[in-house]
Amino acid sequence: MNETSNKWIGQNTIRPDGADKVTGRAAYGADTTMPGMIWGSVLRSPHPHARIRSIDTSKAEALPGVKAVITAKDIVEFPLDKSVVLGIQDMRWMCRNVMAREKALFHGHPVAAVAATTEAIAAEACKLIDVDYEVLPWVIEIEDAIKPGAPLLHDFIQFEGKPSNIAGTLEHKLGDIDAGFAQADVVIERSFTTRPVHQGYIETHACLVSVSADGKTTIWSSSQGQFMVRAMTSLLTGLPQSSIRAIPAEIGGGFGGKTIVYLEPLATVLSKKSGRPVKMVMSREEVMRATGPTSGSMSTVKIGATKDGKIVAAQGTYYLQAGAFPGSPIRGAAGCAFAPYDIPNVISRGFDVVSNRSKVAAYRAPGAPIGAYAVECVLDEIAEALKIDPLDLRIQNAAREGTKAAHGPVYPRIGLLETMEAARAHPHYKAPLGKFQGRGVASGFWFNAGGESSAQVNITEDGNVVVTTGHPDIGGSRAAIANIAAELLGIDYRRVSVLIGDTATVGYSNLTGGSRVLFASAIVVTESAEQVIGQLKARAAKVWGISADAVVWENGEARPSGDHTGNFPTMTLAEIAAKASETGGPIGAGVQLNTTGAEGGFSTHICDVEVDVELGIVSVLRYTSFQDVGRAVHPAYVEGQIQGGAAQGIGWALNEEYIYNKDGKVDNPGFLDYRMPVCSDLPMLDAVMIEIPNPKHPQGVRGVGEVPLVPVMAAVANAVHSALGKRFYSLPMSPPKVLEGLDEGTLQAAE
Amino acid sequence: MAKLHVSTTINGEPTEFLCEANDSMLDVLRGPLGLTGSKEGCGSGDCGACSIMLDDRLVCSCLMLAAEAEDSDITTIEGMAVGEKLHPLQQKFLELAALQCGICTPGVLVASKALLERNLNPTETEVRYWLAGNLCRCTGYDKIVRAVLDTAAEMREAAQ
């Protein structure tokens, strides 16, 4: 597409769902009700690890107002010896995560659920359920879980032939690591830890489910994929997918944490049993105890470079917490860690470690920020040791077109180098710093994803356009789709309505995740729109009695061309739509595809901090992200992704962490003590968008949503090191930790 | 126990409702009154998604008992636009893309309006501290702060 002629692509148009969202009308997961609706509530394990000997629900069932009680017996069981994979989840773990079966594996693990006429009765009934637990020894932290003799969560997990909490491993290898380190003049090896952090979406999980007497089921819920909700609910309840209509509510944040179900299968079974629509809404405490977060980690990274700054070998070892069931994002950590660099000899390993905490869920570039944190901090130390500017070191070693990455691909045209060079040339990089202030840089990579998407583009009888796609819009994707449809059809974007269909009204569409939504939906919307344009030309040709080949579509009008130029007045979209019945019927087209060509995303960040050495508080003074965004179809929402990722990373770096008490329970399950950044914690967050169009996409789109988080913790950590001359090897760099690290010598040196 | 009867004014409309003694104002707004624009993000006054005006005070409706609404004048997000006419803050939030998922937006708008009613010429720092009780996880606050500052500037100009 010729950029200069674009009218709508690249414009900050008003989002189609905007008016509803600023007036309070938009319906999120908890905002829907139904006549006859009752309330569901979950009984959760009070122990971090316990065998469930028996559950007696009779007293709860006898309580007036209680309409249904369920336990694991009511959920379809997937036997442990046979993996059934759905997307990024294994149903063996899913069926046990939504409802504890043999054992409760974390404090807050669901063990039963009740539906009753009021929320108060449902909560009261939960207290009347008698669970006979055999309390077992438990383990929370990675270092404890991998020790010999640690309490074991699952009998079936073996590592190196022995029972273990290490559930899986992964290794990426390139070249000869020993030969690589032998060439190095400087080798630096460091170990790091990060804490589990929650996605922190403000909307808690919520759903409303109605099952009729014939099994026809309607689910309203907030998720990152209505088709995922349908498939998971089908597998966990035994209802066929054709009986389930999953309607996506507006979603109040997800960041990966809503790519999974918790409540929908329970509400479905409760509704089926009670014959009533059942609504379930988690409290914030339930969200913090039993959903998400992303993994905590222990890692060791060793990098070797020659004295002129060429990185010759790199080795990474990442242990990630999976929570109660296997499945931590070791692929993101070990796979993305070294991906921004052209390094001939690499070994990157991941270890998936289970322990008695909630099962992790995806979080914005799952695993990649953990990988980058360790690598980018060690790179800073290499730069320091070699007395090379940290950006120059990165530029010298940056991956580019043709670089073979350790995780597999040979890169096509990528924009990493441009992000680094833009950072080096930016005024931010040269701005003066004061006492106890420092500057850090870091780069990062995320895979991005394609996958299944469907779209339908219909022309209304009055000549306007309705576009339906299948991905919940989590940050403005409808606005970008409107821009693309308006551009292709040559009409004002306000004439395009963009809707998110439910599972019964649009073709299968994979999750809103992997930074895939605009990449994939733009492809199917483009192909649909091109088919519609073909129809519009054919209809005009029919009216004019000429060949369709002799018609061109320009500025929202059909125009005769070639020998017929000027022979007929042009026909607008509205005029063609008005004649649709007599020229062949309704005008519209749908396309369903498994999209490919989503190339990876890269970014480079600069962070300035100031350390309050009396209180240990690190404040971010200035932050600039430089990202290869492919093509910014709606620039303001691309910037928004970049800014939001920076804010989340600053929280991860400086304050956010799960704190467990001595009883194996989360001690800070709320927003007061789980300290996410608030408005007064942050400066303006600058986003520099670099557009290197993805050659494999009709508009040049690359995923933009996840890589903005990847470099942040390292950029902040490098800035703190620059401010104090002291490096912290564990996150978060919270005030108590920073204060503890500030001895007299460090302070004097920093002054 | 019998329910409590409360007479109050909500978004300019005289309103009566029945509630339990321990119902929060947010429970009643979202439940019997059907005003679901106010959101529950935490139920503990930490996220601000349920922000409303109680007379001239900005409050978290999850921390207010519904019974306290007697004889008061409550404004929620649903009372911010006048018919089809959006408040300048609502319009500016749309123009500057100051929302992503939008779940915090009602509370942020109610709080921002309360700020501008007190101080039509706030500094960036004043905006940031005023909104420190409204969590947003999507935007990093940048565009929210800009939208509030821009709206204030436009409203000052319009008032001259």
# chains A, B, ... in the order shown; residues from 1 in each chain; ligands from 1
call {"tool": "closest_atom_pairs", "arguments": {"of": "chain B", "to": "chain A", "cutoff": "8 Å", "atoms": "only C-alpha atoms", "output": "Markdown table"}}
result
| residue | atom | partner | partner_atom | distance |
| --- | --- | --- | --- | --- |
| B:Arg30 | CA | A:Asp31 | CA | 7.9 |
| B:Thr36 | CA | A:Asp31 | CA | 5.9 |
| B:Gly37 | CA | A:Gly24 | CA | 3.8 |
| B:Ser38 | CA | A:Gly24 | CA | 7.1 |
| B:Lys39 | CA | A:Glu203 | CA | 8.0 |
| B:Glu40 | CA | A:Glu203 | CA | 7.4 |
| B:Gly41 | CA | A:Ile202 | CA | 5.1 |
| B:Cys42 | CA | A:Arg284 | CA | 5.0 |
| B:Gly43 | CA | A:Arg284 | CA | 7.4 |
| B:Asp46 | CA | A:Phe671 | CA | 5.8 |
| B:Cys47 | CA | A:Phe671 | CA | 7.1 |
| B:Ile77 | CA | A:Gly24 | CA | 5.9 |
| B:Glu78 | CA | A:Thr23 | CA | 5.9 |
| B:Met80 | CA | A:Thr23 | CA | 7.2 |
| B:Ala81 | CA | A:Thr23 | CA | 7.0 |
| B:Gln90 | CA | A:Val22 | CA | 5.6 |
| B:Phe93 | CA | A:Val22 | CA | 7.7 |
| B:Leu94 | CA | A:Ile14 | CA | 6.0 |
| B:Glu95 | CA | A:Ile14 | CA | 6.1 |
| B:Leu96 | CA | A:Ala636 | CA | 7.2 |
| B:Ala97 | CA | A:Ala636 | CA | 6.1 |
| B:Leu99 | CA | A:Gly475 | CA | 7.9 |
| B:Gln100 | CA | A:Gly475 | CA | 4.3 |
| B:Cys101 | CA | A:Gly252 | CA | 5.1 |
| B:Gly102 | CA | A:Lys21 | CA | 5.7 |
| B:Ile103 | CA | A:Gly252 | CA | 4.8 |
| B:Cys104 | CA | A:Ile202 | CA | 7.1 |
| B:Thr105 | CA | A:Val22 | CA | 6.4 |
| B:Pro106 | CA | A:Gly24 | CA | 6.0 |
| B:Leu109 | CA | A:Val22 | CA | 7.7 |
| B:Thr125 | CA | A:Ser680 | CA | 7.3 |
| B:Arg128 | CA | A:Ser680 | CA | 4.6 |
| B:Tyr129 | CA | A:Ser680 | CA | 5.1 |
| B:Leu131 | CA | A:Cys679 | CA | 6.1 |
| B:Ala132 | CA | A:Cys679 | CA | 4.9 |
| B:Gly133 | CA | A:Val678 | CA | 7.3 |
| B:Asn134 | CA | A:Val678 | CA | 7.3 |
| B:Leu135 | CA | A:Val678 | CA | 5.9 |
| B:Cys136 | CA | A:Ile202 | CA | 7.2 |
| B:Arg137 | CA | A:Tyr201 | CA | 6.2 |
| B:Cys138 | CA | A:Gly644 | CA | 4.9 |
| B:Thr139 | CA | A:Gly644 | CA | 4.4 |
| B:Gly140 | CA | A:Gly644 | CA | 4.5 |
| B:Tyr141 | CA | A:Cys679 | CA | 5.9 |
| B:Asp142 | CA | A:Met684 | CA | 5.1 |
| B:Lys143 | CA | A:Gly640 | CA | 7.8 |
call {"tool": "residues_around", "arguments": {"residues": "Ala111 (chain B)", "least_positions_apart": "6", "cutoff": "9 Å", "atoms": "only C-alpha atoms", "output": "JSON, numbers by chain"}}
result
{"B": [48, 51, 52, 53, 58, 59, 130, 131, 133, 134]}
call {"tool": "write_last_selection", "arguments": {"atoms": "all heavy atoms", "output": "compact mmCIF listing (two decimals), in the first residue's frame"}}
result
# COMPACT_ATOMS: atom_id res chain seq x y z
N GLY B 48 -10.32 2.76 42.80
CA GLY B 48 -11.04 3.95 42.34
C GLY B 48 -11.98 3.72 41.18
O GLY B 48 -12.57 4.68 40.67
N SER B 51 -15.54 5.16 41.65
CA SER B 51 -15.62 6.55 42.13
C SER B 51 -16.95 7.21 41.74
O SER B 51 -17.39 7.10 40.60
CB SER B 51 -14.47 7.37 41.53
OG SER B 51 -13.23 6.86 41.95
N ILE B 52 -17.55 7.88 42.71
CA ILE B 52 -18.77 8.67 42.47
C ILE B 52 -18.64 9.98 43.25
O ILE B 52 -17.73 10.13 44.07
CB ILE B 52 -20.05 7.94 42.95
CG1 ILE B 52 -19.99 7.65 44.46
CG2 ILE B 52 -20.27 6.65 42.15
CD1 ILE B 52 -21.31 7.21 45.06
N MET B 53 -19.55 10.91 42.97
CA MET B 53 -19.63 12.12 43.77
C MET B 53 -20.77 11.96 44.77
O MET B 53 -21.90 11.65 44.40
CB MET B 53 -19.88 13.35 42.88
CG MET B 53 -18.76 13.67 41.93
SD MET B 53 -17.16 13.96 42.73
CE MET B 53 -17.49 15.53 43.56
N LEU B 58 -15.65 13.45 46.40
CA LEU B 58 -15.30 12.29 45.57
C LEU B 58 -15.12 11.11 46.51
O LEU B 58 -14.29 11.17 47.42
CB LEU B 58 -14.00 12.59 44.82
CG LEU B 58 -13.39 11.47 44.00
CD1 LEU B 58 -14.29 11.08 42.83
CD2 LEU B 58 -12.00 11.90 43.48
N VAL B 59 -15.90 10.03 46.30
CA VAL B 59 -15.78 8.88 47.21
C VAL B 59 -15.71 7.58 46.39
O VAL B 59 -16.15 7.52 45.24
CB VAL B 59 -16.97 8.77 48.20
CG1 VAL B 59 -17.06 10.01 49.08
CG2 VAL B 59 -18.28 8.55 47.46
N TRP B 130 -3.81 13.81 42.30
CA TRP B 130 -5.27 13.71 42.43
C TRP B 130 -5.77 12.34 41.94
O TRP B 130 -6.66 11.74 42.52
CB TRP B 130 -5.95 14.84 41.64
CG TRP B 130 -7.43 14.81 41.81
CD1 TRP B 130 -8.34 14.16 41.04
CD2 TRP B 130 -8.19 15.45 42.84
NE1 TRP B 130 -9.61 14.36 41.51
CE2 TRP B 130 -9.55 15.14 42.62
CE3 TRP B 130 -7.86 16.27 43.94
CZ2 TRP B 130 -10.58 15.62 43.45
CZ3 TRP B 130 -8.87 16.73 44.76
CH2 TRP B 130 -10.21 16.40 44.51
N LEU B 131 -5.17 11.84 40.86
CA LEU B 131 -5.61 10.56 40.28
C LEU B 131 -4.85 9.35 40.85
O LEU B 131 -5.01 8.24 40.35
CB LEU B 131 -5.44 10.59 38.76
CG LEU B 131 -6.37 11.55 38.00
CD1 LEU B 131 -6.08 11.52 36.51
CD2 LEU B 131 -7.85 11.21 38.25
N GLY B 133 -5.41 7.68 43.27
CA GLY B 133 -6.32 6.66 43.80
C GLY B 133 -7.10 5.93 42.72
O GLY B 133 -8.01 5.17 43.03
N ASN B 134 -6.76 6.18 41.47
CA ASN B 134 -7.45 5.51 40.36
C ASN B 134 -6.45 4.66 39.60
O ASN B 134 -5.65 5.18 38.82
CB ASN B 134 -8.08 6.54 39.41
CG ASN B 134 -9.23 7.28 40.07
OD1 ASN B 134 -9.03 8.25 40.78
ND2 ASN B 134 -10.44 6.80 39.84
call {"tool": "residues_around", "arguments": {"residues": "Ile382 (chain A)", "least_positions_apart": "3", "cutoff": "9 Å", "atoms": "only C-alpha atoms", "output": "list in words"}}
result
Val186, Val187, Ile188, Ile303, Gly304, Ala305, Gly309, Cys377, Val378, Leu379, Ala385, Leu386, Lys387, Ile388, Pro390 and Leu393 of chain A
call {"tool": "closest_residue", "arguments": {"among": "B:Gly79, B:Leu29, B:Val6, B:Ala98", "to": "Cys50 (chain B)", "atoms": "only C-alpha atoms"}}
result
B:Leu29
call {"tool": "residues_around", "arguments": {"residues": "Gly588 (chain A)", "least_positions_apart": "4", "cutoff": "7 Å", "atoms": "only C-alpha atoms", "output": "list in words"}}
result
Val457, Asn458, Ile459 and Val532 of chain A
call {"tool": "write_last_selection", "arguments": {"atoms": "all heavy atoms", "output": "tab-separated table (two decimals), in the first residue's frame"}}
result
chain	number	residue	atom	x	y	z
A	457	VAL	N	-17.27	-9.08	6.21
A	457	VAL	CA	-17.48	-7.67	5.84
A	457	VAL	C	-18.77	-7.60	5.04
A	457	VAL	O	-18.87	-8.22	3.96
A	457	VAL	CB	-16.29	-7.12	5.02
A	457	VAL	CG1	-16.57	-5.70	4.56
A	457	VAL	CG2	-15.01	-7.17	5.84
A	458	ASN	N	-19.76	-6.91	5.56
A	458	ASN	CA	-21.06	-6.80	4.89
A	458	ASN	C	-21.37	-5.34	4.54
A	458	ASN	O	-21.07	-4.44	5.32
A	458	ASN	CB	-22.19	-7.34	5.78
A	458	ASN	CG	-22.14	-8.86	5.89
A	458	ASN	OD1	-21.57	-9.53	5.04
A	458	ASN	ND2	-22.71	-9.38	6.94
A	459	ILE	N	-21.98	-5.15	3.38
A	459	ILE	CA	-22.44	-3.83	2.97
A	459	ILE	C	-23.91	-3.73	3.36
A	459	ILE	O	-24.72	-4.60	2.98
A	459	ILE	CB	-22.27	-3.62	1.46
A	459	ILE	CG1	-20.81	-3.89	1.05
A	459	ILE	CG2	-22.72	-2.22	1.04
A	459	ILE	CD1	-19.78	-3.00	1.69
A	532	VAL	N	-15.24	-7.95	-1.40
A	532	VAL	CA	-16.39	-7.05	-1.47
A	532	VAL	C	-16.20	-6.03	-2.59
A	532	VAL	O	-17.12	-5.76	-3.37
A	532	VAL	CB	-16.61	-6.34	-0.10
A	532	VAL	CG1	-17.54	-5.15	-0.25
A	532	VAL	CG2	-17.16	-7.34	0.91
call {"tool": "select_by_dssp", "arguments": {"residues": "region 171-235 of chain A", "states": "helix (DSSP H, G or I)", "output": "PyMOL selection string"}}
result
chain A and resi 177-182+226-235
call {"tool": "atom_distance", "arguments": {"atom1": "CA of Lys162 (chain A)", "atom2": "CA of Asp90 (chain A)"}}
result
22.7 Å
call {"tool": "residues_around", "arguments": {"residues": "Gln183 (chain A)", "least_positions_apart": "5", "cutoff": "10 Å", "atoms": "only C-alpha atoms", "output": "number ranges by chain"}}
result
A: 178, 304-306, 311-313
call {"tool": "atom_distance", "arguments": {"atom1": "CA of Ile587 (chain A)", "atom2": "CA of Ala550 (chain A)"}}
result
19.6 Å
call {"tool": "select_by_dssp", "arguments": {"residues": "region 8-88 of chain B", "states": "strand (DSSP E)", "output": "list in words"}}
result
Thr8, Thr9, Ile10, Glu13, Pro14, Thr15, Glu16, Phe17, Leu18, Cys19, Ser51, Ile52, Met53, Leu54, Arg57, Leu58, Val59, Cys60, Asp73, Ile74 and Thr75 of chain B
call {"tool": "residues_around", "arguments": {"residues": "Ala482 (chain A)", "least_positions_apart": "2", "cutoff": "9 Å", "atoms": "only C-alpha atoms", "output": "ChimeraX atom specification"}}
result
/A:8,13,15-16,467,477-480,484-487,493-498
call {"tool": "closest_residue", "arguments": {"among": "A:Leu174, A:Leu153, A:Ala231, A:Met37", "to": "Gln89 (chain A)", "atoms": "only C-alpha atoms"}}
result
A:Ala231
call {"tool": "residues_around", "arguments": {"residues": "Thr572 (chain A)", "least_positions_apart": "3", "cutoff": "12 Å", "atoms": "only C-alpha atoms", "output": "mmCIF file with N, CA and C atoms, in the first residue's frame"}}
result
data_model
loop_
_atom_site.group_PDB
_atom_site.id
_atom_site.type_symbol
_atom_site.label_atom_id
_atom_site.label_comp_id
_atom_site.auth_asym_id
_atom_site.auth_seq_id
_atom_site.Cartn_x
_atom_site.Cartn_y
_atom_site.Cartn_z
ATOM 1 N N ASP A 462 -28.095 0.554 3.021
ATOM 2 C CA ASP A 462 -27.913 1.993 2.758
ATOM 3 C C ASP A 462 -26.470 2.339 2.409
ATOM 4 N N GLY A 463 -25.660 1.310 2.155
ATOM 5 C CA GLY A 463 -24.320 1.599 1.644
ATOM 6 C C GLY A 463 -23.286 1.918 2.706
ATOM 7 N N ASN A 464 -23.470 1.398 3.889
ATOM 8 C CA ASN A 464 -22.437 1.506 4.913
ATOM 9 C C ASN A 464 -21.846 0.112 5.153
ATOM 10 N N LEU A 489 -11.906 0.486 1.322
ATOM 11 C CA LEU A 489 -13.163 0.766 0.630
ATOM 12 C C LEU A 489 -13.267 2.213 0.186
ATOM 13 N N GLY A 490 -12.355 3.046 0.657
ATOM 14 C CA GLY A 490 -12.335 4.433 0.224
ATOM 15 C C GLY A 490 -13.473 5.264 0.789
ATOM 16 N N ILE A 491 -13.863 4.967 2.011
ATOM 17 C CA ILE A 491 -14.964 5.725 2.618
ATOM 18 C C ILE A 491 -14.531 6.260 3.975
ATOM 19 N N ILE A 533 -14.980 -5.525 -2.705
ATOM 20 C CA ILE A 533 -14.711 -4.549 -3.783
ATOM 21 C C ILE A 533 -14.927 -5.210 -5.149
ATOM 22 N N LEU A 536 -18.555 -5.230 -5.733
ATOM 23 C CA LEU A 536 -19.073 -3.875 -6.025
ATOM 24 C C LEU A 536 -18.782 -3.499 -7.475
ATOM 25 N N LYS A 537 -17.582 -3.856 -7.927
ATOM 26 C CA LYS A 537 -17.231 -3.553 -9.325
ATOM 27 C C LYS A 537 -18.120 -4.347 -10.282
ATOM 28 N N ARG A 539 -21.118 -5.399 -9.708
ATOM 29 C CA ARG A 539 -22.493 -4.872 -9.715
ATOM 30 C C ARG A 539 -22.597 -3.620 -10.588
ATOM 31 N N ALA A 540 -21.599 -2.758 -10.463
ATOM 32 C CA ALA A 540 -21.605 -1.552 -11.304
ATOM 33 C C ALA A 540 -21.502 -1.941 -12.773
ATOM 34 N N VAL A 552 -13.023 0.219 -12.207
ATOM 35 C CA VAL A 552 -12.064 0.383 -11.111
ATOM 36 C C VAL A 552 -12.797 0.936 -9.891
ATOM 37 N N TRP A 553 -12.220 0.633 -8.711
ATOM 38 C CA TRP A 553 -12.793 1.134 -7.459
ATOM 39 C C TRP A 553 -11.865 2.204 -6.906
ATOM 40 N N GLU A 554 -12.374 3.426 -6.771
ATOM 41 C CA GLU A 554 -11.531 4.535 -6.306
ATOM 42 C C GLU A 554 -12.354 5.471 -5.440
ATOM 43 N N ASN A 555 -11.793 5.858 -4.304
ATOM 44 C CA ASN A 555 -12.449 6.834 -3.426
ATOM 45 C C ASN A 555 -13.897 6.475 -3.121
ATOM 46 N N GLY A 556 -14.151 5.208 -2.914
ATOM 47 C CA GLY A 556 -15.494 4.790 -2.531
ATOM 48 C C GLY A 556 -16.483 4.779 -3.682
ATOM 49 N N GLU A 557 -15.976 4.770 -4.893
ATOM 50 C CA GLU A 557 -16.864 4.770 -6.061
ATOM 51 C C GLU A 557 -16.358 3.794 -7.122
ATOM 52 N N ALA A 558 -17.325 3.252 -7.882
ATOM 53 C CA ALA A 558 -16.963 2.484 -9.072
ATOM 54 C C ALA A 558 -16.900 3.447 -10.252
ATOM 55 N N ARG A 559 -15.878 3.249 -11.076
ATOM 56 C CA ARG A 559 -15.682 4.141 -12.218
ATOM 57 C C ARG A 559 -15.340 3.287 -13.430
ATOM 58 N N PRO A 569 -21.668 7.735 -15.484
ATOM 59 C CA PRO A 569 -21.340 8.443 -14.236
ATOM 60 C C PRO A 569 -20.889 7.419 -13.196
ATOM 61 N N GLU A 575 -25.041 3.995 -3.887
ATOM 62 C CA GLU A 575 -25.843 3.749 -5.097
ATOM 63 C C GLU A 575 -25.797 2.275 -5.492
ATOM 64 N N ILE A 576 -24.646 1.666 -5.356
ATOM 65 C CA ILE A 576 -24.551 0.232 -5.692
ATOM 66 C C ILE A 576 -25.352 -0.588 -4.693
ATOM 67 N N ALA A 577 -25.247 -0.218 -3.385
ATOM 68 C CA ALA A 577 -25.990 -0.954 -2.364
ATOM 69 C C ALA A 577 -27.490 -0.857 -2.612
ATOM 70 N N ALA A 578 -27.948 0.298 -3.060
ATOM 71 C CA ALA A 578 -29.385 0.491 -3.286
ATOM 72 C C ALA A 578 -29.896 -0.426 -4.396
ATOM 73 N N LYS A 579 -29.008 -0.785 -5.320
ATOM 74 C CA LYS A 579 -29.406 -1.643 -6.441
ATOM 75 C C LYS A 579 -29.013 -3.101 -6.216
#
call {"tool": "closest_residue", "arguments": {"among": "A:Leu320, A:Val229, A:Ile52, A:Val85", "to": "Leu105 (chain A)", "atoms": "only C-alpha atoms"}}
result
A:Ile52
call {"tool": "closest_residue", "arguments": {"among": "A:Ala504, A:Glu691, A:Ala632, A:Ser454", "to": "Ala589 (chain A)", "atoms": "only C-alpha atoms"}}
result
A:Ser454
